[in-house]
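As structure tokens, the structure follows; a few thoughts come after it.
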Amino acid sequence: MSKHIRSFLAITLFLGAALSFLVYTGCSGGGGGSGSANLKGDSYGKVGVLLTDAPTDLFDHIYITITEISLLPEGGEENPVIVFADNGGYMIDLLDLRDKDFLLTLNEEVPTGRYEKVRLKVSNIDAVGGPCGSMEIDLPSGKIDINPGGSFTVEKGQALYVKLDINADQSINLHPAGKSGKCVFRPVVFGRIISEYPPAPCPAIFNGSIKSLLDTNGDAVTDGFILQRDYPCLGDLKIGLTNNTLIYSDQGTFPGADALQAGQNVVIYGVITPEGTIQAQFVAIGDILIVEGIVKSLPTSEGLFTFTPDAGEELIGQVEVFLFNQSLIMTSCGDNTDIVEGAGAVIIGRYDTQGPLPLFRAIAVLLPPSPIEGE
């Protein structure tokens, strides 16, 4: 698969790849700053943090460890309001975020008021490949203050998003630091405040366990739930369900929302709404596979097509993929599309070896958008 397609699809594989490096010893958020004259400690708004990175071919991996993200009130830099904190540090591979928006956290208890800067604290960075891949990287300062184009207001009950673009190419302009044998990381981070919607136009994958079910209409029908993410420092998310949301059970059926129960491990594919919830396109109960590769044949009338996973994926060799009538076939930004022979794709589903023929049963098939052609 081409680098362009791989980078386009990379964020859909974020389910566990970067998160497997996480180490945490404690979390906090939403505190501090309420004593500032510009803040109202008795009312709160919602602030989400989106992380992204521009493409780079210089490195294989860039692991950055984030310990804190806070907002600095107008005229009150000594009282930062913490939006995200992980005392042990949250490690993420920037190259998994190329040109994508990853929702790090959504804090619903940020004091209302005016803010002027965003502060990012980093405790460590490691690069694989590139000019300093085998050298220690020096952090002159682990604190980065970002001016997102002027002051901004957190309003009561409203959601806004801080988008941080950590430019790897410019940040890791890694030159040996004198004779110390170290390289220097001088971060270049672009900040933007997003209040329009959608803040992240493409669906993303979220995983965790159901903390509690929701019945917002009071009609005894489950129309959402609170997702406790696998890593507590990321915070809980509110998941919304519609009549069109697919619920895929661990038995390989589509039973509906009544099958959801507190304590179940689930995987969600959905988009951020203006209210700061995740509108689910599908919810899979239990574990699923996310496999990247190449479509080798068009689907038959029985819903079967051949797929070859890329090197390093959990499945190897040629695989038969089965499509349910309910299976979603779309681009990775959520547009309906058709399966194209020879196209790169991400298959989300379960591999079933119980029948006469092993099948990769697909909940969703994600393909890159159609190219724009012309002269």
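Residues in the structure tokens are numbered from 1 in each chain, the chains being A, B, ... in the order shown, and ligands are numbered from 1 in the order shown.
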Leaving out Thr353 (chain A) and any residue of its chain fewer than 5 positions from it, which residues lie within 12 Å of it when counting only C-alpha atoms, given as number ranges by chain? A: 319-320, 358-361
Using only C-alpha atoms, what table do you get, as a Markdown table, when you list each residue of region 42-93 of chain A with an atom no more than 12 Å from region 184-192 of chain A, its nearest pair of atoms, and their distance in Å rounded to one decimal, rows by chain then rising number?
| residue | atom | partner | partner_atom | distance |
| --- | --- | --- | --- | --- |
| A:Gly48 | CA | A:Arg192 | CA | 11.8 |
| A:Val49 | CA | A:Arg192 | CA | 10.3 |
| A:Leu50 | CA | A:Arg192 | CA | 9.7 |
| A:Leu51 | CA | A:Gly191 | CA | 9.8 |
| A:Thr52 | CA | A:Phe190 | CA | 9.8 |
| A:Asp53 | CA | A:Val189 | CA | 9.3 |
| A:Ala54 | CA | A:Val189 | CA | 10.8 |
| A:Ile62 | CA | A:Phe185 | CA | 11.3 |
| A:Tyr63 | CA | A:Phe185 | CA | 12.0 |
| A:Ile64 | CA | A:Phe185 | CA | 10.5 |
| A:Leu71 | CA | A:Gly191 | CA | 11.9 |
Nearby residues (only C-alpha atoms) at most 6 Å from Arg114 (chain A), same-chain spacing under 5 positions excluded, as a VMD selection string: chain A and resid 38 73 to 74 152 to 153
Could those residues be written to a file, using C-alpha atoms, as a PDB file, in the first residue's frame?
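That gives us part_28.pdb:
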ATOM      1  CA  ASN A  38     -11.810  36.186  34.644  1.00  0.00           C
ATOM      2  CA  PRO A  73      -6.509  32.526  32.001  1.00  0.00           C
ATOM      3  CA  GLU A  74      -6.214  36.104  30.783  1.00  0.00           C
ATOM      4  CA  PHE A 152     -10.912  32.598  23.684  1.00  0.00           C
ATOM      5  CA  THR A 153     -13.940  32.033  25.899  1.00  0.00           C
TER       6      THR A 153
END
